[in-house]
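target-v8.tsv follows (TSV, C-alpha atoms and all ligand atoms):
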```tsv
chain	number	residue	atom	x	y	z
T	545	MET	CA	0.00	0.00	0.00
T	546	ARG	CA	1.26	3.46	-0.88
T	547	VAL	CA	0.13	6.47	1.11
T	548	LEU	CA	0.53	9.95	-0.32
T	549	GLY	CA	1.30	12.36	2.53
T	550	ILE	CA	0.70	16.12	2.35
T	551	GLU	CA	1.82	18.64	4.99
T	552	THR	CA	1.33	22.44	4.94
T	553	SER	CA	0.55	23.32	8.56
T	554	CYS	CA	3.30	25.90	9.04
T	555	ASP	CA	6.31	26.96	6.97
T	556	GLU	CA	7.23	23.75	5.16
T	557	THR	CA	5.42	22.54	2.06
T	558	ALA	CA	5.90	18.77	2.04
T	559	VAL	CA	4.75	15.82	-0.05
T	560	SER	CA	5.75	12.20	0.37
T	561	VAL	CA	4.94	8.71	-0.82
T	562	LEU	CA	5.29	6.04	1.86
T	563	GLU	CA	5.09	2.39	0.91
T	564	ILE	CA	3.95	-0.06	3.58
T	565	ALA	CA	5.00	-3.52	2.52
T	566	LYS	CA	3.69	-5.74	5.30
T	567	HIS	CA	0.54	-5.30	7.26
T	568	LYS	CA	1.32	-6.61	10.73
T	569	ALA	CA	1.41	-3.54	12.96
T	570	GLN	CA	4.77	-4.29	14.61
T	571	SER	CA	6.64	-5.87	11.74
T	572	VAL	CA	5.76	-3.67	8.81
T	573	LYS	CA	8.35	-2.86	6.21
T	574	LEU	CA	8.36	0.80	5.29
T	575	ILE	CA	9.90	2.36	2.22
T	576	VAL	CA	9.86	6.13	1.90
T	577	ARG	CA	9.57	6.42	-1.90
T	578	LYS	CA	9.49	10.21	-1.92
T	579	ASN	CA	10.11	12.76	0.78
T	580	LEU	CA	9.96	16.26	-0.70
T	581	VAL	CA	10.18	19.33	1.49
T	582	SER	CA	10.22	22.92	0.38
T	583	SER	CA	11.20	25.06	3.35
T	584	GLN	CA	10.15	28.70	3.63
T	585	ILE	CA	12.66	29.58	6.34
T	586	ASP	CA	14.54	32.01	4.08
T	587	ILE	CA	11.31	33.84	3.27
T	588	HIS	CA	10.17	34.23	6.89
T	589	GLN	CA	13.63	35.00	8.24
T	590	LYS	CA	13.39	38.65	7.21
T	591	TYR	CA	10.22	39.05	9.30
T	592	GLY	CA	11.76	37.35	12.34
T	593	GLY	CA	9.06	34.66	12.41
T	594	VAL	CA	6.39	32.93	10.34
T	595	VAL	CA	3.86	35.27	8.67
T	596	PRO	CA	0.70	33.14	8.14
T	597	GLU	CA	-0.52	34.84	4.97
T	598	VAL	CA	2.92	34.63	3.36
T	599	ALA	CA	3.18	30.96	4.39
T	600	ALA	CA	-0.16	30.12	2.77
T	601	ARG	CA	0.68	31.92	-0.47
T	602	THR	CA	4.04	30.20	-0.66
T	603	HIS	CA	2.38	26.78	-0.13
T	604	VAL	CA	0.09	27.56	-3.09
T	605	ALA	CA	3.11	28.39	-5.23
T	606	GLU	CA	5.01	25.25	-4.20
T	607	ILE	CA	2.56	22.42	-3.76
T	608	VAL	CA	1.70	21.64	-7.37
T	609	ALA	CA	5.36	21.26	-8.34
T	610	LEU	CA	5.97	18.94	-5.37
T	611	LEU	CA	2.91	16.82	-6.19
T	612	ASP	CA	4.03	16.71	-9.79
T	613	GLU	CA	7.46	15.45	-8.72
T	614	ALA	CA	5.99	12.89	-6.32
T	615	ILE	CA	3.15	11.43	-8.37
T	616	GLY	CA	3.44	12.97	-11.84
T	617	SER	CA	0.89	15.10	-13.64
T	618	ASN	CA	1.10	14.10	-17.25
T	619	PRO	CA	-1.48	12.93	-18.14
T	620	PRO	CA	-3.08	14.28	-14.98
T	621	LEU	CA	-5.83	11.78	-14.27
T	622	SER	CA	-5.18	8.40	-15.83
T	623	PRO	CA	-2.28	7.31	-13.60
T	624	LEU	CA	-4.37	8.10	-10.54
T	625	ARG	CA	-7.27	6.02	-11.81
T	626	LYS	CA	-5.06	3.03	-12.55
T	627	GLY	CA	-3.90	3.23	-8.97
T	628	GLY	CA	-0.21	2.56	-9.48
T	629	ILE	CA	1.05	5.68	-7.74
T	630	PHE	CA	-0.79	5.83	-4.43
T	631	ASP	CA	-3.61	3.97	-2.74
T	632	ALA	CA	-4.66	6.51	-0.14
T	633	ILE	CA	-4.08	10.13	0.85
T	634	ALA	CA	-3.11	11.47	4.28
T	635	VAL	CA	-3.17	15.22	4.79
T	636	THR	CA	-2.47	17.35	7.86
T	637	SER	CA	-5.79	18.82	9.03
T	638	GLY	CA	-4.44	20.57	12.15
T	639	PRO	CA	-3.22	21.96	14.42
T	640	GLY	CA	-1.49	24.79	12.57
T	641	LEU	CA	-2.08	28.01	10.67
T	642	ALA	CA	-5.60	27.94	9.22
T	643	THR	CA	-4.82	29.41	5.82
T	644	ALA	CA	-1.67	27.31	5.46
T	645	LEU	CA	-3.49	24.08	6.41
T	646	ARG	CA	-6.19	24.80	3.84
T	647	VAL	CA	-3.73	24.67	0.94
T	648	GLY	CA	-2.73	21.07	1.71
T	649	ILE	CA	-6.29	20.04	2.50
T	650	GLU	CA	-7.64	21.44	-0.77
T	651	ALA	CA	-4.89	19.66	-2.70
T	652	GLY	CA	-5.76	16.40	-0.91
T	653	ARG	CA	-9.47	16.83	-1.51
T	654	VAL	CA	-9.00	17.43	-5.22
T	655	LEU	CA	-6.80	14.34	-5.52
T	656	ALA	CA	-9.32	12.27	-3.55
T	657	MET	CA	-12.14	13.48	-5.80
T	658	LEU	CA	-10.22	12.78	-9.01
T	659	SER	CA	-8.71	9.46	-7.98
T	660	GLY	CA	-11.56	8.02	-5.89
T	661	LYS	CA	-8.94	6.94	-3.33
T	662	PRO	CA	-9.60	7.15	0.43
T	663	ILE	CA	-8.39	10.23	2.29
T	664	VAL	CA	-7.70	10.72	5.97
T	665	GLY	CA	-7.07	13.96	7.86
T	666	VAL	CA	-4.06	13.63	10.17
T	667	ASN	CA	-3.24	15.44	13.39
T	668	HIS	CA	0.17	17.10	12.97
T	669	LEU	CA	1.24	16.04	16.47
T	670	GLU	CA	0.34	12.44	15.76
T	671	GLY	CA	2.47	12.87	12.65
T	672	HIS	CA	5.45	13.93	14.81
T	673	ILE	CA	4.85	10.89	17.03
T	674	ALA	CA	4.74	8.64	13.96
T	675	SER	CA	8.06	10.13	12.78
T	676	ALA	CA	9.78	7.93	15.40
T	677	TRP	CA	8.02	4.87	13.91
T	678	LEU	CA	9.63	5.54	10.52
T	679	ASN	CA	12.89	4.28	12.05
T	680	GLU	CA	13.21	0.50	11.67
T	681	GLU	CA	15.21	0.04	14.88
T	682	ASN	CA	12.58	1.99	16.83
T	683	ARG	CA	9.81	-0.21	15.44
T	684	LYS	CA	11.53	-3.30	16.84
T	685	HIS	CA	11.21	-1.83	20.35
T	686	TRP	CA	7.73	-0.41	19.84
T	687	GLU	CA	5.82	-1.64	22.89
T	688	TYR	CA	2.97	0.08	24.74
T	689	PRO	CA	2.52	1.86	27.08
T	690	MET	CA	4.82	4.51	25.71
T	691	LEU	CA	5.51	8.13	26.51
T	692	ALA	CA	6.20	10.75	23.85
T	693	LEU	CA	7.96	14.03	24.50
T	694	VAL	CA	6.63	16.22	21.69
T	695	VAL	CA	8.73	19.39	21.47
T	696	SER	CA	8.17	21.76	18.57
T	697	GLY	CA	7.76	25.43	17.78
T	698	GLY	CA	4.13	25.37	18.87
T	699	HIS	CA	3.90	22.45	21.32
T	700	THR	CA	5.54	20.97	24.38
T	701	GLU	CA	3.63	17.92	25.49
T	702	LEU	CA	4.22	14.71	27.38
T	703	VAL	CA	1.85	12.23	25.79
T	704	LEU	CA	1.02	8.83	27.25
T	705	MET	CA	0.17	6.25	24.59
T	706	LYS	CA	-1.63	3.22	25.97
T	707	ARG	CA	-2.02	1.71	22.52
T	708	MET	CA	-1.83	2.79	18.90
T	709	CYS	CA	-3.67	6.10	18.37
T	710	ALA	CA	-4.80	6.35	22.04
T	711	TYR	CA	-3.33	9.45	23.63
T	712	LYS	CA	-3.52	11.12	27.00
T	713	ILE	CA	-1.68	14.38	27.60
T	714	VAL	CA	-0.06	14.06	31.03
T	715	GLY	CA	1.94	17.28	30.88
T	716	GLN	CA	2.11	20.37	28.72
T	717	THR	CA	3.36	23.92	28.63
T	718	ARG	CA	1.31	26.53	30.41
T	719	ASP	CA	2.64	29.32	28.18
T	720	ASP	CA	5.42	29.21	25.55
T	721	ALA	CA	6.49	26.00	23.82
T	722	ALA	CA	10.12	24.86	24.14
T	723	GLY	CA	10.82	25.78	20.51
T	724	GLU	CA	9.25	29.19	21.10
T	725	ALA	CA	11.54	29.65	24.12
T	726	PHE	CA	14.56	28.94	21.91
T	727	ASP	CA	13.24	31.23	19.15
T	728	LYS	CA	12.28	34.14	21.39
T	729	THR	CA	15.40	34.16	23.54
T	730	ALA	CA	17.51	33.90	20.37
T	731	LYS	CA	15.70	36.92	18.97
T	732	LEU	CA	16.46	38.90	22.14
T	733	MET	CA	20.13	38.10	21.56
T	734	GLY	CA	19.92	39.36	17.97
T	735	LEU	CA	20.02	35.89	16.36
T	736	PRO	CA	17.97	35.10	13.22
T	737	TYR	CA	14.85	32.91	13.03
T	738	PRO	CA	14.57	30.01	13.78
T	739	GLY	CA	16.55	30.48	16.96
T	740	GLY	CA	16.83	26.86	18.10
T	741	PRO	CA	19.61	25.79	15.74
T	742	GLN	CA	21.41	29.14	16.28
T	743	ILE	CA	21.40	28.75	20.06
T	744	ALA	CA	22.50	25.11	19.75
T	745	LYS	CA	25.42	26.10	17.53
T	746	LEU	CA	26.63	28.90	19.83
T	747	ALA	CA	26.12	26.68	22.88
T	748	LEU	CA	28.76	24.25	21.58
T	749	GLU	CA	31.43	26.77	22.59
T	750	GLY	CA	29.68	28.29	25.59
T	751	ASP	CA	29.60	27.57	29.31
T	752	PRO	CA	26.18	26.19	30.37
T	753	ALA	CA	26.84	27.44	33.90
T	754	GLY	CA	27.89	30.90	32.64
T	755	PHE	CA	24.53	32.48	33.51
T	756	ASP	CA	22.25	31.47	36.33
T	757	LEU	CA	18.87	31.16	34.61
T	758	PRO	CA	15.62	29.91	36.17
T	759	ARG	CA	14.30	26.39	35.58
T	760	PRO	CA	10.57	27.11	35.72
T	761	MET	CA	8.37	24.42	37.34
T	762	PHE	CA	11.44	22.25	37.95
T	763	ASN	CA	10.25	21.25	41.42
T	764	ASP	CA	6.54	21.33	40.67
T	765	PRO	CA	5.00	17.87	41.11
T	766	SER	CA	3.00	18.15	37.88
T	767	PHE	CA	4.47	17.26	34.48
T	768	ASP	CA	3.63	20.72	33.15
T	769	PHE	CA	6.14	23.20	31.79
T	770	SER	CA	6.47	26.99	31.70
T	771	PHE	CA	9.04	28.74	29.57
T	772	SER	CA	7.81	32.31	29.28
T	773	GLY	CA	9.80	33.47	32.33
T	774	LEU	CA	13.03	32.63	30.53
T	775	LYS	CA	12.50	35.53	28.13
T	776	THR	CA	12.63	38.11	30.92
T	777	ALA	CA	15.61	36.39	32.53
T	778	VAL	CA	17.49	36.36	29.22
T	779	ARG	CA	16.60	39.98	28.46
T	780	LEU	CA	17.97	41.08	31.83
T	781	ALA	CA	21.06	38.90	31.52
T	782	TRP	CA	21.83	40.10	27.99
T	783	GLU	CA	21.24	43.85	28.46
T	784	PRO	CA	24.59	44.66	30.15
T	785	TRP	CA	26.52	42.87	27.38
T	786	GLU	CA	24.61	44.16	24.39
T	787	ARG	CA	26.72	47.24	23.89
T	788	GLY	CA	29.92	45.95	25.48
T	789	PRO	CA	33.28	45.34	23.76
T	790	VAL	CA	32.89	42.88	20.88
T	791	GLU	CA	35.09	40.09	22.20
T	792	ARG	CA	33.53	39.96	25.65
T	793	ARG	CA	30.08	40.35	24.16
T	794	GLU	CA	30.58	37.37	21.85
T	795	LYS	CA	31.82	35.24	24.74
T	796	ALA	CA	28.82	36.28	26.81
T	797	LYS	CA	26.54	35.40	23.88
T	798	ARG	CA	27.98	31.89	23.66
T	799	ASP	CA	27.69	31.41	27.44
T	800	LEU	CA	24.14	32.75	27.47
T	801	ALA	CA	23.16	30.45	24.57
T	802	ALA	CA	24.62	27.46	26.41
T	803	SER	CA	22.86	28.49	29.63
T	804	VAL	CA	19.45	28.94	27.93
T	805	GLN	CA	19.79	25.59	26.23
T	806	GLN	CA	20.77	23.91	29.51
T	807	ALA	CA	17.83	25.49	31.36
T	808	ILE	CA	15.33	24.24	28.76
T	809	VAL	CA	16.92	20.79	28.46
T	810	ASP	CA	17.15	20.28	32.25
T	811	VAL	CA	13.40	20.83	32.70
T	812	LEU	CA	12.43	18.69	29.69
T	813	VAL	CA	14.64	15.80	30.81
T	814	LYS	CA	13.57	15.85	34.47
T	815	LYS	CA	9.84	15.84	33.70
T	816	THR	CA	10.19	13.18	31.01
T	817	ILE	CA	12.07	10.80	33.33
T	818	GLU	CA	9.57	11.35	36.15
T	819	ALA	CA	6.56	10.80	33.89
T	820	ALA	CA	8.16	7.65	32.42
T	821	LYS	CA	8.62	6.31	35.96
T	822	LYS	CA	5.13	7.19	37.10
T	823	TYR	CA	3.38	5.60	34.12
T	824	LYS	CA	5.78	2.61	33.96
T	825	VAL	CA	6.22	2.95	30.23
T	826	LYS	CA	8.21	0.57	28.07
T	827	GLY	CA	9.47	3.16	25.63
T	828	VAL	CA	9.99	6.91	25.35
T	829	LEU	CA	9.74	8.78	22.05
T	830	LEU	CA	11.48	12.10	21.44
T	831	VAL	CA	9.90	13.96	18.52
T	832	GLY	CA	9.28	17.45	17.07
T	833	GLY	CA	11.63	20.16	15.82
T	834	VAL	CA	13.39	20.72	19.17
T	835	SER	CA	14.37	17.03	19.27
T	836	ALA	CA	17.09	18.00	16.76
T	837	ASN	CA	18.86	19.49	19.76
T	838	GLU	CA	21.93	17.35	20.46
T	839	ALA	CA	22.18	18.37	24.11
T	840	LEU	CA	18.61	17.21	24.67
T	841	ARG	CA	19.07	13.94	22.79
T	842	THR	CA	22.33	13.13	24.57
T	843	LEU	CA	21.14	13.96	28.08
T	844	LEU	CA	17.85	12.08	27.70
T	845	ALA	CA	19.61	9.04	26.26
T	846	SER	CA	22.19	8.94	29.04
T	847	ARG	CA	19.66	9.49	31.84
T	848	PHE	CA	17.47	6.68	30.52
T	849	SER	CA	20.33	4.24	30.19
T	850	GLN	CA	21.49	5.22	33.72
T	851	HIS	CA	18.20	5.30	35.60
T	852	MET	CA	15.78	3.23	33.51
T	853	PRO	CA	17.82	0.74	31.46
T	854	GLY	CA	14.72	-1.32	30.67
T	855	VAL	CA	13.00	1.57	28.93
T	856	ALA	CA	13.70	1.96	25.21
T	857	PHE	CA	14.68	5.49	24.19
T	858	LEU	CA	13.33	6.09	20.69
T	859	PRO	CA	14.12	9.46	19.10
T	860	SER	CA	13.09	10.09	15.52
T	861	ASP	CA	15.71	10.12	12.78
T	862	LYS	CA	17.26	13.50	12.02
T	863	MET	CA	15.71	13.58	8.54
T	864	TYR	CA	12.16	13.23	9.91
T	865	ILE	CA	12.45	15.63	12.85
T	866	THR	CA	11.35	18.89	11.27
T	867	ASP	CA	8.02	19.09	9.48
T	868	ASN	CA	7.76	16.56	6.66
T	869	ALA	CA	5.05	14.55	4.94
T	870	ALA	CA	6.51	11.05	5.47
T	871	MET	CA	5.45	11.30	9.12
T	872	ILE	CA	1.98	12.42	8.03
T	873	ALA	CA	1.70	9.44	5.68
T	874	ALA	CA	2.83	7.13	8.51
T	875	ALA	CA	0.21	8.47	10.95
T	876	GLY	CA	-2.31	8.36	8.10
T	877	TRP	CA	-1.58	4.67	7.66
T	878	TRP	CA	-2.16	4.05	11.39
T	879	ARG	CA	-5.59	5.62	10.99
T	880	LEU	CA	-6.40	3.91	7.70
T	881	SER	CA	-5.38	0.53	9.11
T	882	LYS	CA	-7.96	1.07	11.86
T	883	GLY	CA	-10.60	1.58	9.19
T	884	GLU	CA	-10.76	5.35	9.46
T	885	GLN	CA	-11.26	7.57	6.47
T	886	HIS	CA	-12.88	10.92	5.85
T	887	ASP	CA	-15.36	12.30	3.38
T	888	TRP	CA	-13.36	14.65	1.13
T	889	LYS	CA	-16.46	16.80	0.64
T	890	LYS	CA	-16.53	17.66	4.35
T	891	MET	CA	-12.84	17.99	5.21
T	892	GLU	CA	-11.75	21.25	6.71
T	893	ALA	CA	-8.84	22.80	8.59
T	894	LYS	CA	-8.77	22.36	12.37
T	895	PRO	CA	-6.23	24.98	13.52
T	896	GLU	CA	-6.66	24.17	17.24
T	897	TRP	CA	-6.98	20.37	16.98
T	898	GLY	CA	-5.52	18.65	20.06
T	899	LEU	CA	-4.32	15.07	20.15
T	901	LIG	O1	8.39	20.65	14.62
T	901	LIG	P1	8.90	21.90	13.96
T	901	LIG	O2	9.76	21.76	12.73
T	901	LIG	O3	7.73	22.84	13.59
T	901	LIG	C1	6.57	22.96	14.38
T	901	LIG	O4	5.67	22.11	14.24
T	901	LIG	O5	6.60	23.90	15.21
T	901	LIG	O6	9.71	22.69	15.10
T	901	LIG	C2	10.33	23.93	14.86
T	901	LIG	C3	11.03	24.38	16.14
T	901	LIG	C4	11.55	25.80	16.09
T	901	LIG	O7	11.14	26.48	17.27
T	901	LIG	C5	13.07	25.63	16.07
T	901	LIG	O8	13.78	26.70	16.67
T	901	LIG	C6	13.25	24.35	16.85
T	901	LIG	O9	12.18	23.53	16.40
T	901	LIG	N1	14.54	23.70	16.58
T	901	LIG	C7	15.49	23.54	17.53
T	901	LIG	C8	16.60	22.93	16.88
T	901	LIG	N2	16.26	22.73	15.57
T	901	LIG	C9	14.99	23.21	15.41
T	901	LIG	N3	15.51	23.85	18.82
T	901	LIG	C10	16.64	23.57	19.53
T	901	LIG	N4	17.73	23.00	18.98
T	901	LIG	C11	17.77	22.67	17.69
T	901	LIG	N5	18.87	22.10	17.16
T	902	ZN	ZN	5.77	20.29	13.50
```
Rendering of file as C-alpha cells:
Amino acid sequence: MRVLGIETSCDETAVSVLEIAKHKAQSVKLIVRKNLVSSQIDIHQKYGGVVPEVAARTHVAEIVALLDEAIGSNPPLSPLRKGGIFDAIAVTSGPGLATALRVGIEAGRVLAMLSGKPIVGVNHLEGHIASAWLNEENRKHWEYPMLALVVSGGHTELVLMKRMCAYKIVGQTRDDAAGEAFDKTAKLMGLPYPGGPQIAKLALEGDPAGFDLPRPMFNDPSFDFSFSGLKTAVRLAWEPWERGPVERREKAKRDLAASVQQAIVDVLVKKTIEAAKKYKVKGVLLVGGVSANEALRTLLASRFSQHMPGVAFLPSDKMYITDNAAMIAAAGWWRLSKGEQHDWKKMEAKPEWGL
C-alpha cells in the first residue's frame, strides 16, 4: 500500500509517498519512496518569524510542483485512476495556521475526488509521534505503554500512549512552547529565526553554567512546563553585554546560549524521566523540531540508560524531525489501518486540533 502524505501546517510545504509492505502492525516494512520538502525559512527570516498569509501563499506556489514530482501530472488523471502511484491520501488537518493548512487540504481533496482513493485527515502532532516509527530500529522496540515528549515550535507535550492512536496528555506547557523559548530568547540576543539551531550552535562553545537562569516548574509535582519566564531572565542577563566590547560580548553570547539551552533541556529531561517512571512505560519517544537538539538527545539518552535501562529510548531520525510529509503518511496509515477515512467533501482545517 502506498500512502501519499501532504503537509502544509506551518512553513514547510511537504509531499511524500510512503510504501507499507507488510501489514502486521509491529513488523511492517516501510519504504519512503518520496520525501519532498520545500522550506520557507529564508522567506520568513526577514520578518523574524512565520507570517501566516505569506506561508499560505508560498504553499500555493510550491505544492503543485511537489505533487508533480511525487506522483506525476502528465497525463493528470489516468495514472491516478489506474492506482499505481498511491492507494490513499493522508493530509495534515491541524493543528497549525488555518490558511496554510487549507492549501494542503484542498490539494488532498481534489486528488481524492479525481482518484476516488480514500483520504484521511491527520493530526500534525500524531504525525510527529509517527516520525519515530519511521525508524526501523525503533519499530523493533515499539511496545505500549509509551511516553512521547513532543517538542516543537508550537507544542511541548508529554503524551502517554496506551495503545496505537490512544493518547492522554499528562503534561504540557502553560505558556510558551520549548521551541518558542529557543526562538524568542535567540531573537532577544539578535540571532535570526529560527533560533533553536542558532542557540544550539553557539552553545557548543559556551559555558552552560555561565549564567544562572531559572528552571521554571522544575520542582513542581505536575508534568507541566512553563518557559515564558526565561524571556525576561534572558533579556535582563543580555542587556549589560549588548553594547559591550565585541570580544567579551561574543563570549557572553555563547555562554548565554549554552545556559538557555541547559535550562530548557534540564526541565524537559527531568519531567520526562519522572513521567516515564510514574506511568511505567516501556518506551519513550522524542519527537518534534526541538528534538534536533543534540544536548537534549544526549542527556535524555544517558539518563534513561542510567536510571531506567529497561526503557527503550526512541528518538526520531534526524531527517524526519522537522516538518515533513513522510510522518503524516505514517500516521495516516495508522488511521487507515484502523478503518478510518474521511469524506473529502466535508474535510476542513482544524487549527486548534488537540491530540
Ligand atoms: O516541529 P517543527 O519543525 O515545527 C513545528 O511544528 O513547530 O519545530 C520547529 C522548532 C523551532 O522552534 C526551532 O527553533 C526548533 O524547532 N529547533 C530547535 C533545533 N532545531 C529546530 N531547537 C533547539 N535546537 C535545535 N537544534
Ligand atoms: Zn511540526
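With only C-alpha atoms as the atoms that count, the minimum distance from Phe857 of chain T to the choices T:Leu844, T:Ala725, T:Val828, T:Val809 is reached by T:Val828.
Nearest to His699 of chain T of all the residues T:Ala605, T:Val834, T:Met733, T:Ala807 is T:Val834, based on all atoms listed in the file.
Residues of protein, DNA and RNA with at least one atom no farther than 8 Å from (9.0, 6.6, 23.6) are, using only C-alpha atoms, Met690, Leu691, Ala692, Leu693, Lys826, Gly827, Val828, Leu829, Leu830, Ala856, Phe857, Leu858 and Pro859 of chain T.
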Using the selection just defined, write its residues with C-alpha atoms as a PDB file, in the coordinates of the input.
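Saved file again04.pdb follows:
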```pdb
ATOM      1  CA  MET T 690       4.820   4.510  25.710  1.00  0.00           C
ATOM      2  CA  LEU T 691       5.510   8.130  26.510  1.00  0.00           C
ATOM      3  CA  ALA T 692       6.200  10.750  23.850  1.00  0.00           C
ATOM      4  CA  LEU T 693       7.960  14.030  24.500  1.00  0.00           C
ATOM      5  CA  LYS T 826       8.210   0.570  28.070  1.00  0.00           C
ATOM      6  CA  GLY T 827       9.470   3.160  25.630  1.00  0.00           C
ATOM      7  CA  VAL T 828       9.990   6.910  25.350  1.00  0.00           C
ATOM      8  CA  LEU T 829       9.740   8.780  22.050  1.00  0.00           C
ATOM      9  CA  LEU T 830      11.480  12.100  21.440  1.00  0.00           C
ATOM     10  CA  ALA T 856      13.700   1.960  25.210  1.00  0.00           C
ATOM     11  CA  PHE T 857      14.680   5.490  24.190  1.00  0.00           C
ATOM     12  CA  LEU T 858      13.330   6.090  20.690  1.00  0.00           C
ATOM     13  CA  PRO T 859      14.120   9.460  19.100  1.00  0.00           C
TER      14      PRO T 859
END
```
Mind listing the residues within 7 Å of ligand ZN 902 (chain T), only C-alpha atoms and all ligand atoms counted, as a ChimeraX atom specification? /T:668-669,672,696-697,832-833,866-867
Name all residues at most 10 Å from Cys554 of chain T (count only C-alpha atoms; drop same-chain ones fewer than 4 positions away) and give them as a ChimeraX atom specification. /T:583-584,594-596,599-600,603,638-645,697-698,867
Reconstruct all heavy atoms of segment 545-552 of chain T; output as an mmCIF file, in the frame of the given file.
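part24.cif, freshly written:
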```cif
data_model
loop_
_atom_site.group_PDB
_atom_site.id
_atom_site.type_symbol
_atom_site.label_atom_id
_atom_site.label_comp_id
_atom_site.auth_asym_id
_atom_site.auth_seq_id
_atom_site.Cartn_x
_atom_site.Cartn_y
_atom_site.Cartn_z
ATOM 1 N N MET T 545 0.836 -1.196 0.000
ATOM 2 C CA MET T 545 0.000 0.000 0.000
ATOM 3 C C MET T 545 0.880 1.260 0.000
ATOM 4 O O MET T 545 1.854 1.328 0.734
ATOM 5 C CB MET T 545 -0.869 0.001 1.258
ATOM 6 C CG MET T 545 -1.731 1.216 1.389
ATOM 7 S SD MET T 545 -2.977 0.950 2.645
ATOM 8 C CE MET T 545 -3.921 2.427 2.506
ATOM 9 N N ARG T 546 0.500 2.204 -0.836
ATOM 10 C CA ARG T 546 1.260 3.460 -0.880
ATOM 11 C C ARG T 546 0.387 4.622 -0.422
ATOM 12 O O ARG T 546 -0.690 4.841 -0.971
ATOM 13 C CB ARG T 546 1.757 3.733 -2.291
ATOM 14 C CG ARG T 546 2.887 2.823 -2.684
ATOM 15 C CD ARG T 546 3.417 3.194 -4.035
ATOM 16 N NE ARG T 546 4.478 2.277 -4.410
ATOM 17 C CZ ARG T 546 5.292 2.459 -5.428
ATOM 18 N NH1 ARG T 546 5.174 3.527 -6.179
ATOM 19 N NH2 ARG T 546 6.227 1.591 -5.708
ATOM 20 N N VAL T 547 0.887 5.330 0.590
ATOM 21 C CA VAL T 547 0.130 6.470 1.110
ATOM 22 C C VAL T 547 0.818 7.758 0.660
ATOM 23 O O VAL T 547 2.027 7.935 0.868
ATOM 24 C CB VAL T 547 0.042 6.427 2.651
ATOM 25 C CG1 VAL T 547 -0.763 7.616 3.181
ATOM 26 C CG2 VAL T 547 -0.586 5.119 3.120
ATOM 27 N N LEU T 548 0.027 8.627 0.062
ATOM 28 C CA LEU T 548 0.530 9.950 -0.320
ATOM 29 C C LEU T 548 0.324 10.874 0.882
ATOM 30 O O LEU T 548 -0.798 11.019 1.367
ATOM 31 C CB LEU T 548 -0.279 10.470 -1.518
ATOM 32 C CG LEU T 548 -0.013 11.916 -1.932
ATOM 33 C CD1 LEU T 548 1.378 12.061 -2.550
ATOM 34 C CD2 LEU T 548 -1.076 12.401 -2.911
ATOM 35 N N GLY T 549 1.398 11.453 1.380
ATOM 36 C CA GLY T 549 1.300 12.360 2.530
ATOM 37 C C GLY T 549 1.441 13.809 2.067
ATOM 38 O O GLY T 549 2.246 14.109 1.183
ATOM 39 N N ILE T 550 0.634 14.685 2.679
ATOM 40 C CA ILE T 550 0.700 16.120 2.350
ATOM 41 C C ILE T 550 0.728 16.910 3.655
ATOM 42 O O ILE T 550 -0.088 16.680 4.543
ATOM 43 C CB ILE T 550 -0.534 16.559 1.511
ATOM 44 C CG1 ILE T 550 -0.610 15.748 0.210
ATOM 45 C CG2 ILE T 550 -0.480 18.056 1.208
ATOM 46 C CD1 ILE T 550 -1.878 15.995 -0.595
ATOM 47 N N GLU T 551 1.668 17.862 3.748
ATOM 48 C CA GLU T 551 1.820 18.640 4.990
ATOM 49 C C GLU T 551 2.041 20.122 4.635
ATOM 50 O O GLU T 551 2.976 20.447 3.903
ATOM 51 C CB GLU T 551 3.018 18.080 5.772
ATOM 52 C CG GLU T 551 3.748 19.037 6.704
ATOM 53 C CD GLU T 551 2.934 19.527 7.879
ATOM 54 O OE1 GLU T 551 2.171 18.732 8.463
ATOM 55 O OE2 GLU T 551 3.038 20.727 8.202
ATOM 56 N N THR T 552 1.154 20.986 5.156
ATOM 57 C CA THR T 552 1.330 22.440 4.940
ATOM 58 C C THR T 552 0.900 23.224 6.179
ATOM 59 O O THR T 552 0.358 24.315 6.053
ATOM 60 C CB THR T 552 0.483 22.944 3.733
ATOM 61 O OG1 THR T 552 -0.913 22.732 4.025
ATOM 62 C CG2 THR T 552 0.832 22.272 2.432
#
```
